[in-house]
Structure formats: structure tokens, C-alpha cells
$ cat protein-v9.cif   # mmCIF, C-alpha atoms
data_upload
#
loop_
_atom_site.label_atom_id
_atom_site.label_comp_id
_atom_site.auth_asym_id
_atom_site.auth_seq_id
_atom_site.Cartn_x
_atom_site.Cartn_y
_atom_site.Cartn_z
CA MET A 1 -20.60 -204.03 12.04
CA SER A 2 -23.44 -204.23 14.54
CA VAL A 3 -23.42 -202.33 17.80
CA ASP A 4 -23.58 -204.33 21.01
CA TRP A 5 -25.89 -201.93 22.83
CA LEU A 6 -25.88 -203.92 26.04
CA LYS A 7 -22.09 -203.89 26.17
CA ARG A 8 -22.09 -200.11 25.63
CA ALA A 9 -24.71 -199.54 28.35
CA GLU A 10 -23.36 -201.94 30.99
CA PRO A 11 -20.61 -199.64 32.38
CA PHE A 12 -23.21 -196.93 33.06
CA PHE A 13 -25.34 -199.41 35.01
CA GLN A 14 -22.24 -200.45 36.97
CA ARG A 15 -21.50 -196.82 37.86
CA ALA A 16 -25.16 -196.33 38.84
CA ASP A 17 -25.03 -199.32 41.18
CA GLU A 18 -21.73 -198.17 42.71
CA LEU A 19 -23.06 -194.68 43.40
CA ALA A 20 -26.65 -195.48 44.41
CA ALA A 21 -26.08 -195.16 48.16
CA HIS A 22 -23.91 -192.04 48.36
CA GLU A 23 -24.52 -190.13 45.10
CA PRO A 24 -28.13 -190.96 44.16
CA VAL A 25 -28.54 -188.14 41.62
CA ILE A 26 -25.35 -189.16 39.79
CA SER A 27 -26.48 -192.78 39.99
CA TYR A 28 -29.86 -191.90 38.47
CA TYR A 29 -28.31 -190.09 35.50
CA CYS A 30 -25.78 -192.85 34.87
CA ARG A 31 -28.62 -195.36 34.81
CA LEU A 32 -30.72 -193.06 32.63
CA HIS A 33 -27.84 -192.74 30.16
CA GLY A 34 -27.53 -196.53 30.00
CA VAL A 35 -31.28 -196.81 29.43
CA SER A 36 -30.98 -194.21 26.67
CA LEU A 37 -28.30 -196.28 24.93
CA LEU A 38 -30.44 -199.40 25.12
CA GLY A 39 -33.39 -197.36 23.86
CA LYS A 40 -31.38 -196.37 20.78
CA GLY A 41 -30.66 -200.03 20.13
CA HIS A 42 -34.33 -200.87 20.55
CA GLN A 43 -35.34 -198.11 18.11
CA ALA A 44 -32.80 -199.40 15.60
CA HIS A 45 -34.27 -202.91 15.99
CA SER A 46 -30.80 -204.18 16.85
CA LEU A 47 -31.21 -204.89 20.55
CA SER A 48 -30.86 -208.52 21.59
CA SER A 49 -33.50 -210.23 23.73
CA ASP A 50 -31.11 -209.91 26.69
CA GLY A 51 -30.80 -206.23 25.91
CA THR A 52 -34.56 -205.81 25.78
CA SER A 53 -34.96 -207.58 29.12
CA ARG A 54 -32.27 -205.39 30.63
CA LEU A 55 -33.89 -202.26 29.17
CA VAL A 56 -37.18 -203.08 30.90
CA ALA A 57 -35.46 -203.89 34.21
CA GLU A 58 -33.30 -200.75 34.19
CA LEU A 59 -36.18 -198.56 33.09
CA THR A 60 -38.17 -199.82 36.07
CA LYS A 61 -35.26 -199.04 38.42
CA THR A 62 -34.89 -195.59 36.85
CA GLU A 63 -38.57 -194.77 37.34
CA GLU A 64 -38.48 -195.98 40.95
CA GLN A 65 -35.33 -193.97 41.64
CA LYS A 66 -36.77 -190.81 40.09
CA THR A 67 -39.64 -190.64 42.57
CA THR A 68 -37.24 -190.32 45.53
CA LEU A 69 -34.88 -187.67 44.15
CA ASP A 70 -34.74 -183.89 43.95
CA LEU A 71 -33.55 -183.34 40.38
CA SER A 72 -33.99 -179.54 40.36
CA HIS A 73 -30.23 -178.93 40.12
CA ALA A 74 -29.34 -182.17 38.39
CA GLN A 75 -27.34 -180.77 35.48
CA GLU A 76 -25.09 -178.72 37.73
CA THR A 77 -24.71 -181.63 40.16
CA VAL A 78 -23.81 -184.21 37.50
CA GLU A 79 -21.46 -181.92 35.58
CA ALA A 80 -19.67 -180.79 38.75
CA PHE A 81 -19.22 -184.41 39.83
CA ALA A 82 -17.92 -185.47 36.41
CA LEU A 83 -15.48 -182.56 36.33
CA ARG A 84 -14.26 -183.30 39.88
CA VAL A 85 -13.50 -186.91 38.92
CA PHE A 86 -11.76 -185.77 35.72
CA ASP A 87 -9.80 -183.02 37.49
CA ALA A 88 -8.63 -185.42 40.22
CA ALA A 89 -7.35 -187.90 37.63
CA ASP A 90 -5.73 -185.13 35.61
CA LEU A 91 -4.05 -183.53 38.63
CA LYS A 92 -2.67 -186.89 39.77
CA ASP A 93 -1.40 -187.48 36.23
CA LYS A 94 0.19 -184.04 35.91
CA ASN A 95 1.88 -184.45 39.29
CA GLY A 96 3.63 -187.57 38.02
CA LEU A 97 1.63 -189.94 40.22
CA THR A 98 0.15 -191.91 37.33
CA ASP A 99 -0.43 -195.59 38.08
CA ALA A 100 -2.85 -198.41 37.27
CA ALA A 101 -5.56 -196.72 39.34
CA SER A 102 -5.20 -193.63 37.12
CA LYS A 103 -6.40 -195.68 34.17
CA ARG A 104 -9.67 -196.45 35.97
CA GLN A 105 -10.03 -192.85 37.15
CA TYR A 106 -9.80 -191.57 33.60
CA TYR A 107 -12.11 -194.33 32.39
CA VAL A 108 -14.90 -193.48 34.83
CA ALA A 109 -14.33 -189.74 34.34
CA GLY A 110 -15.01 -190.26 30.63
CA GLN A 111 -18.19 -192.16 31.47
CA PHE A 112 -19.46 -189.47 33.83
CA LEU A 113 -18.72 -186.82 31.23
CA ASP A 114 -20.52 -188.87 28.57
CA ALA A 115 -23.55 -189.13 30.85
CA CYS A 116 -23.74 -185.33 30.79
CA ALA A 117 -24.71 -185.50 27.10
CA GLN A 118 -28.33 -186.09 28.11
CA PHE A 119 -28.48 -182.47 29.27
CA TYR A 120 -27.50 -181.32 25.76
CA ASP A 121 -29.80 -183.42 23.55
CA GLY A 122 -27.21 -186.19 23.33
CA GLN A 123 -24.33 -183.99 22.13
CA LEU A 124 -21.73 -182.79 24.63
CA PRO A 125 -20.64 -179.15 24.33
CA PRO A 126 -17.06 -178.76 23.01
CA ASP A 127 -15.40 -178.29 26.43
CA LEU A 128 -16.94 -181.43 27.93
CA ALA A 129 -16.47 -183.41 24.70
CA GLU A 130 -12.77 -182.53 24.72
CA LYS A 131 -12.36 -183.67 28.32
CA SER A 132 -14.25 -186.90 27.60
CA LYS A 133 -12.10 -187.61 24.57
CA TYR A 134 -8.91 -186.85 26.50
CA ALA A 135 -9.99 -189.07 29.43
CA LYS A 136 -10.53 -192.00 27.07
CA PHE A 137 -7.26 -191.31 25.24
CA ARG A 138 -5.31 -191.13 28.49
CA CYS A 139 -6.97 -194.29 29.81
CA MET A 140 -5.90 -196.21 26.71
CA GLN A 141 -2.44 -194.64 26.74
CA ILE A 142 -1.89 -195.62 30.39
CA HIS A 143 -3.19 -199.12 29.67
CA ASP A 144 -0.77 -199.48 26.76
CA CYS A 145 2.18 -198.19 28.81
CA LEU A 146 1.46 -200.59 31.66
CA ARG A 147 1.06 -203.50 29.23
CA ARG A 148 4.44 -202.69 27.65
CA GLY A 149 6.15 -202.10 31.01
CA VAL A 150 6.78 -198.42 30.26
CA SER A 151 6.15 -195.58 32.70
CA PRO A 152 2.71 -194.06 32.11
CA VAL A 153 3.79 -190.74 33.61
CA PRO A 154 3.51 -188.03 30.96
CA GLU A 155 6.72 -186.23 30.11
CA ALA A 156 7.10 -182.80 31.64
CA PRO A 157 6.93 -179.97 29.10
CA ALA A 158 10.26 -178.40 28.21
CA ALA A 159 10.96 -175.23 30.15
#

$ encode --input "protein-v9.cif" --output "C-alpha cells"
Amino acid sequence: MSVDWLKRAEPFFQRADELAAHEPVISYYCRLHGVSLLGKGHQAHSLSSDGTSRLVAELTKTEEQKTTLDLSHAQETVEAFALRVFDAADLKDKNGLTDAASKRQYYVAGQFLDACAQFYDGQLPPDLAEKSKYAKFRCMQIHDCLRRGVSPVPEAPAA
């Protein structure tokens, strides 16, 4: 089964575009993560011509963006942002306020956490990896519940 590198990278470019105006450092690292994914596809000689064109375009944007940013505290900034998004989704979920928007919150939280991998040579540390995995699991679980017409609110633990 071949990997569609462009499809894997696209959500990170979307997040980068969404955040460019008000969270430029987060935007830069989302875009850089997407570029990294396309770069892996290029190295594996499995990137489509559209993917190669997109790689060049996004790499250019990334280089332009980099010249305007102070990245001296980037790791702390990106991780704190990713954890805030995750914690907000998780708190809403644990308070029984889970809805269709919660699915998206968990989805983007997982993406922001995944983007943190670039600070760890591509491999998230166990605590962030666990949160990323849980965010994706919960996103899919909420999606399935909504599709089936079942409440996505997690059951309260027995006292």
C-alpha cells in the first residue's frame, strides 16, 4: 500500500494557514511538519508530481516565514499550545459537554501534538505520544457515536 504523502501533509498546511495571522510560530511549525512529511515522500521516491509542486511551494513559504519569526523559544511555545488545545478538548469531554465540535478539537489537538515530533528527531516522547494517540482515538470514537446517533459523552467512572 502506497502512502499518499500529500494527503498526510495537507491538514498541517491547513492549520498553518489558519494560524498564520495570530499564532505565527505555531503556523510555521505546522507548515514545517507538513514539509517534512512531503520530504519523506520525496526521499522515498513516492511523491506525486502534485506533491512535489506542493513541497516546493510550501518550502518557499516556510523559508519566507522563518525570516520574520523569533524561534528562540519555539519548542516551549509549540508544546504549550498543543497541550492547551488538548487540555481544553479533554476538559470539555470530561465535563460531559462532548459534541460535534469536540471531534474537531481532538483532531487538531492530535495534529498539534504530532507537529511537536520535529523537536524530538521525529519521535514524540511517551507523554506527548500518549496524548496524541488518545486525541485521535477520541476523535474517531466521537465520530462513530455521532454517526450511530449515540451520545459521545464518556461514561462517568464508578464511585

$ residues_around --input "protein-v9.cif" --residues "A:Lys94" --least-positions-apart "3" --cutoff "10 Å" --atoms "all atoms listed in the file" --output "list of chain:residue names"
A:Ala88, A:Ala89, A:Asp90, A:Leu91, A:Leu97, A:Thr98, A:Val153, A:Pro154, A:Glu155, A:Ala156

$ atom_distance --input "protein-v9.cif" --atom1 "atom CA of A:Ala9" --atom2 "atom CA of A:Tyr28"
13.7 Å

$ atom_distance --input "protein-v9.cif" --atom1 "atom CA of A:Cys139" --atom2 "atom CA of A:Thr62"
28.8 Å

$ residues_around --input "protein-v9.cif" --residues "stretch 103-120 of chain A" --least-positions-apart "4" --cutoff "9 Å" --atoms "all atoms listed in the file" --output "PyMOL selection string"
chain A and resi 11-12+15+26+29-34+36+75+78-79+81-90+98-99+124-125+128-129+131-143

$ atom_distance --input "protein-v9.cif" --atom1 "atom CA of A:Ala20" --atom2 "atom CA of A:Thr67"
14.0 Å

$ closest_residue --input "protein-v9.cif" --among "A:Ala100, A:Ala16, A:Leu6, A:Leu146" --to "A:Gly51" --atoms "all atoms listed in the file"
A:Leu6

$ residues_around --input "protein-v9.cif" --residues "A:Lys40" --least-positions-apart "2" --cutoff "12 Å" --atoms "all atoms listed in the file" --output "list in words"
Val3, Asp4, Trp5, Leu6, Arg8, Ala9, His33, Gly34, Val35, Ser36, Leu37, Leu38, His42, Gln43, Ala44, His45, Ser46, Leu47, Gly51, Thr52, Leu55 and Gly122 of chain A

$ residues_around --input "protein-v9.cif" --residues "A:Glu18" --least-positions-apart "5" --cutoff "9 Å" --atoms "all atoms listed in the file" --output "VMD selection string"
chain A and resid 13 23 27

$ closest_residue --input "protein-v9.cif" --among "A:Thr60, A:Gly41, A:Ala101, A:Val25" --to "A:His73" --atoms "all atoms listed in the file"
A:Val25

$ closest_residue --input "protein-v9.cif" --among "A:Gly39, A:Pro152, A:Asp17, A:Pro24" --to "A:Gln65" --atoms "only C-alpha atoms"
A:Pro24

$ decode --input "protein-v9.cif" --residues "stretch 16-32 of chain A" --atoms "all heavy atoms" --output "PDB file, in the first residue's frame"
ATOM      1  N   ALA A  16      -1.575  25.578   9.430  1.00  0.00           N
ATOM      2  CA  ALA A  16      -0.616  26.681   9.270  1.00  0.00           C
ATOM      3  C   ALA A  16      -1.306  27.915   8.704  1.00  0.00           C
ATOM      4  O   ALA A  16      -1.091  29.035   9.193  1.00  0.00           O
ATOM      5  CB  ALA A  16       0.534  26.247   8.363  1.00  0.00           C
ATOM      6  N   ASP A  17      -2.145  27.728   7.699  1.00  0.00           N
ATOM      7  CA  ASP A  17      -2.859  28.857   7.104  1.00  0.00           C
ATOM      8  C   ASP A  17      -3.834  29.480   8.098  1.00  0.00           C
ATOM      9  O   ASP A  17      -3.962  30.706   8.174  1.00  0.00           O
ATOM     10  CB  ASP A  17      -3.599  28.422   5.837  1.00  0.00           C
ATOM     11  CG  ASP A  17      -2.661  28.092   4.686  1.00  0.00           C
ATOM     12  OD1 ASP A  17      -1.478  28.516   4.714  1.00  0.00           O
ATOM     13  OD2 ASP A  17      -3.101  27.389   3.758  1.00  0.00           O
ATOM     14  N   GLU A  18      -4.515  28.643   8.871  1.00  0.00           N
ATOM     15  CA  GLU A  18      -5.482  29.137   9.857  1.00  0.00           C
ATOM     16  C   GLU A  18      -4.802  29.969  10.944  1.00  0.00           C
ATOM     17  O   GLU A  18      -5.380  30.920  11.461  1.00  0.00           O
ATOM     18  CB  GLU A  18      -6.211  27.975  10.520  1.00  0.00           C
ATOM     19  CG  GLU A  18      -7.158  27.223   9.623  1.00  0.00           C
ATOM     20  CD  GLU A  18      -7.630  25.889  10.215  1.00  0.00           C
ATOM     21  OE1 GLU A  18      -7.243  25.535  11.350  1.00  0.00           O
ATOM     22  OE2 GLU A  18      -8.376  25.201   9.508  1.00  0.00           O
ATOM     23  N   LEU A  19      -3.590  29.604  11.309  1.00  0.00           N
ATOM     24  CA  LEU A  19      -2.915  30.234  12.445  1.00  0.00           C
ATOM     25  C   LEU A  19      -1.922  31.325  12.050  1.00  0.00           C
ATOM     26  O   LEU A  19      -1.344  31.968  12.930  1.00  0.00           O
ATOM     27  CB  LEU A  19      -2.181  29.160  13.262  1.00  0.00           C
ATOM     28  CG  LEU A  19      -3.070  28.124  13.919  1.00  0.00           C
ATOM     29  CD1 LEU A  19      -2.234  26.989  14.477  1.00  0.00           C
ATOM     30  CD2 LEU A  19      -3.908  28.761  15.008  1.00  0.00           C
ATOM     31  N   ALA A  20      -1.704  31.518  10.766  1.00  0.00           N
ATOM     32  CA  ALA A  20      -0.647  32.426  10.302  1.00  0.00           C
ATOM     33  C   ALA A  20      -0.747  33.828  10.903  1.00  0.00           C
ATOM     34  O   ALA A  20       0.264  34.407  11.296  1.00  0.00           O
ATOM     35  CB  ALA A  20      -0.645  32.503   8.782  1.00  0.00           C
ATOM     36  N   ALA A  21      -1.935  34.367  11.010  1.00  0.00           N
ATOM     37  CA  ALA A  21      -2.102  35.745  11.475  1.00  0.00           C
ATOM     38  C   ALA A  21      -1.927  35.902  12.989  1.00  0.00           C
ATOM     39  O   ALA A  21      -1.305  36.861  13.444  1.00  0.00           O
ATOM     40  CB  ALA A  21      -3.466  36.278  11.056  1.00  0.00           C
ATOM     41  N   HIS A  22      -2.455  34.964  13.777  1.00  0.00           N
ATOM     42  CA  HIS A  22      -2.444  35.166  15.224  1.00  0.00           C
ATOM     43  C   HIS A  22      -1.519  34.244  16.011  1.00  0.00           C
ATOM     44  O   HIS A  22      -1.272  34.501  17.191  1.00  0.00           O
ATOM     45  CB  HIS A  22      -3.870  35.120  15.787  1.00  0.00           C
ATOM     46  CG  HIS A  22      -4.583  33.832  15.557  1.00  0.00           C
ATOM     47  ND1 HIS A  22      -5.145  33.509  14.345  1.00  0.00           N
ATOM     48  CD2 HIS A  22      -4.818  32.788  16.367  1.00  0.00           C
ATOM     49  CE1 HIS A  22      -5.693  32.309  14.431  1.00  0.00           C
ATOM     50  NE2 HIS A  22      -5.512  31.852  15.636  1.00  0.00           N
ATOM     51  N   GLU A  23      -1.008  33.202  15.407  1.00  0.00           N
ATOM     52  CA  GLU A  23      -0.040  32.308  16.066  1.00  0.00           C
ATOM     53  C   GLU A  23       1.049  31.941  15.055  1.00  0.00           C
ATOM     54  O   GLU A  23       1.168  30.787  14.634  1.00  0.00           O
ATOM     55  CB  GLU A  23      -0.730  31.037  16.579  1.00  0.00           C
ATOM     56  CG  GLU A  23      -1.706  31.231  17.715  1.00  0.00           C
ATOM     57  CD  GLU A  23      -1.019  31.523  19.043  1.00  0.00           C
ATOM     58  OE1 GLU A  23       0.218  31.408  19.141  1.00  0.00           O
ATOM     59  OE2 GLU A  23      -1.740  31.866  19.993  1.00  0.00           O
ATOM     60  N   PRO A  24       1.864  32.924  14.643  1.00  0.00           N
ATOM     61  CA  PRO A  24       2.814  32.669  13.556  1.00  0.00           C
ATOM     62  C   PRO A  24       3.855  31.589  13.854  1.00  0.00           C
ATOM     63  O   PRO A  24       4.254  30.862  12.933  1.00  0.00           O
ATOM     64  CB  PRO A  24       3.462  34.034  13.312  1.00  0.00           C
ATOM     65  CG  PRO A  24       3.192  34.837  14.535  1.00  0.00           C
ATOM     66  CD  PRO A  24       1.927  34.305  15.126  1.00  0.00           C
ATOM     67  N   VAL A  25       4.286  31.456  15.088  1.00  0.00           N
ATOM     68  CA  VAL A  25       5.275  30.415  15.412  1.00  0.00           C
ATOM     69  C   VAL A  25       4.637  29.032  15.274  1.00  0.00           C
ATOM     70  O   VAL A  25       5.240  28.118  14.702  1.00  0.00           O
ATOM     71  CB  VAL A  25       5.881  30.621  16.817  1.00  0.00           C
ATOM     72  CG1 VAL A  25       6.755  29.444  17.223  1.00  0.00           C
ATOM     73  CG2 VAL A  25       6.686  31.917  16.859  1.00  0.00           C
ATOM     74  N   ILE A  26       3.417  28.877  15.760  1.00  0.00           N
ATOM     75  CA  ILE A  26       2.706  27.601  15.636  1.00  0.00           C
ATOM     76  C   ILE A  26       2.469  27.316  14.154  1.00  0.00           C
ATOM     77  O   ILE A  26       2.672  26.188  13.689  1.00  0.00           O
ATOM     78  CB  ILE A  26       1.353  27.634  16.382  1.00  0.00           C
ATOM     79  CG1 ILE A  26       1.487  28.168  17.804  1.00  0.00           C
ATOM     80  CG2 ILE A  26       0.696  26.262  16.351  1.00  0.00           C
ATOM     81  CD1 ILE A  26       2.443  27.451  18.700  1.00  0.00           C
ATOM     82  N   SER A  27       2.066  28.334  13.420  1.00  0.00           N
ATOM     83  CA  SER A  27       1.837  28.200  11.984  1.00  0.00           C
ATOM     84  C   SER A  27       3.103  27.707  11.282  1.00  0.00           C
ATOM     85  O   SER A  27       3.047  26.780  10.463  1.00  0.00           O
ATOM     86  CB  SER A  27       1.416  29.560  11.401  1.00  0.00           C
ATOM     87  OG  SER A  27       1.408  29.535   9.998  1.00  0.00           O
ATOM     88  N   TYR A  28       4.221  28.316  11.600  1.00  0.00           N
ATOM     89  CA  TYR A  28       5.498  27.936  10.983  1.00  0.00           C
ATOM     90  C   TYR A  28       5.807  26.462  11.226  1.00  0.00           C
ATOM     91  O   TYR A  28       6.159  25.729  10.296  1.00  0.00           O
ATOM     92  CB  TYR A  28       6.623  28.814  11.538  1.00  0.00           C
ATOM     93  CG  TYR A  28       7.992  28.349  11.137  1.00  0.00           C
ATOM     94  CD1 TYR A  28       8.486  28.611   9.862  1.00  0.00           C
ATOM     95  CD2 TYR A  28       8.790  27.639  12.019  1.00  0.00           C
ATOM     96  CE1 TYR A  28       9.748  28.168   9.480  1.00  0.00           C
ATOM     97  CE2 TYR A  28      10.044  27.202  11.657  1.00  0.00           C
ATOM     98  CZ  TYR A  28      10.524  27.469  10.378  1.00  0.00           C
ATOM     99  OH  TYR A  28      11.763  27.018  10.003  1.00  0.00           O
ATOM    100  N   TYR A  29       5.645  25.999  12.450  1.00  0.00           N
ATOM    101  CA  TYR A  29       5.993  24.606  12.758  1.00  0.00           C
ATOM    102  C   TYR A  29       4.976  23.606  12.199  1.00  0.00           C
ATOM    103  O   TYR A  29       5.341  22.476  11.889  1.00  0.00           O
ATOM    104  CB  TYR A  29       6.256  24.412  14.256  1.00  0.00           C
ATOM    105  CG  TYR A  29       7.650  24.881  14.587  1.00  0.00           C
ATOM    106  CD1 TYR A  29       7.885  26.128  15.123  1.00  0.00           C
ATOM    107  CD2 TYR A  29       8.749  24.074  14.296  1.00  0.00           C
ATOM    108  CE1 TYR A  29       9.167  26.572  15.383  1.00  0.00           C
ATOM    109  CE2 TYR A  29      10.039  24.504  14.550  1.00  0.00           C
ATOM    110  CZ  TYR A  29      10.244  25.755  15.088  1.00  0.00           C
ATOM    111  OH  TYR A  29      11.525  26.181  15.323  1.00  0.00           O
ATOM    112  N   CYS A  30       3.734  24.018  12.056  1.00  0.00           N
ATOM    113  CA  CYS A  30       2.766  23.150  11.371  1.00  0.00           C
ATOM    114  C   CYS A  30       3.163  23.005   9.901  1.00  0.00           C
ATOM    115  O   CYS A  30       3.177  21.897   9.353  1.00  0.00           O
ATOM    116  CB  CYS A  30       1.353  23.724  11.474  1.00  0.00           C
ATOM    117  SG  CYS A  30       0.602  23.532  13.089  1.00  0.00           S
ATOM    118  N   ARG A  31       3.503  24.128   9.285  1.00  0.00           N
ATOM    119  CA  ARG A  31       3.920  24.093   7.880  1.00  0.00           C
ATOM    120  C   ARG A  31       5.212  23.287   7.722  1.00  0.00           C
ATOM    121  O   ARG A  31       5.345  22.471   6.813  1.00  0.00           O
ATOM    122  CB  ARG A  31       4.110  25.514   7.340  1.00  0.00           C
ATOM    123  CG  ARG A  31       4.321  25.548   5.840  1.00  0.00           C
ATOM    124  CD  ARG A  31       4.339  26.975   5.273  1.00  0.00           C
ATOM    125  NE  ARG A  31       3.289  27.851   5.738  1.00  0.00           N
ATOM    126  CZ  ARG A  31       2.026  27.827   5.328  1.00  0.00           C
ATOM    127  NH1 ARG A  31       1.639  26.941   4.425  1.00  0.00           N
ATOM    128  NH2 ARG A  31       1.147  28.671   5.813  1.00  0.00           N
ATOM    129  N   LEU A  32       6.139  23.492   8.629  1.00  0.00           N
ATOM    130  CA  LEU A  32       7.409  22.763   8.580  1.00  0.00           C
ATOM    131  C   LEU A  32       7.188  21.260   8.729  1.00  0.00           C
ATOM    132  O   LEU A  32       7.836  20.456   8.055  1.00  0.00           O
ATOM    133  CB  LEU A  32       8.354  23.281   9.665  1.00  0.00           C
ATOM    134  CG  LEU A  32       9.784  22.764   9.636  1.00  0.00           C
ATOM    135  CD1 LEU A  32      10.468  23.147   8.331  1.00  0.00           C
ATOM    136  CD2 LEU A  32      10.557  23.331  10.824  1.00  0.00           C
TER     137      LEU A  32
END
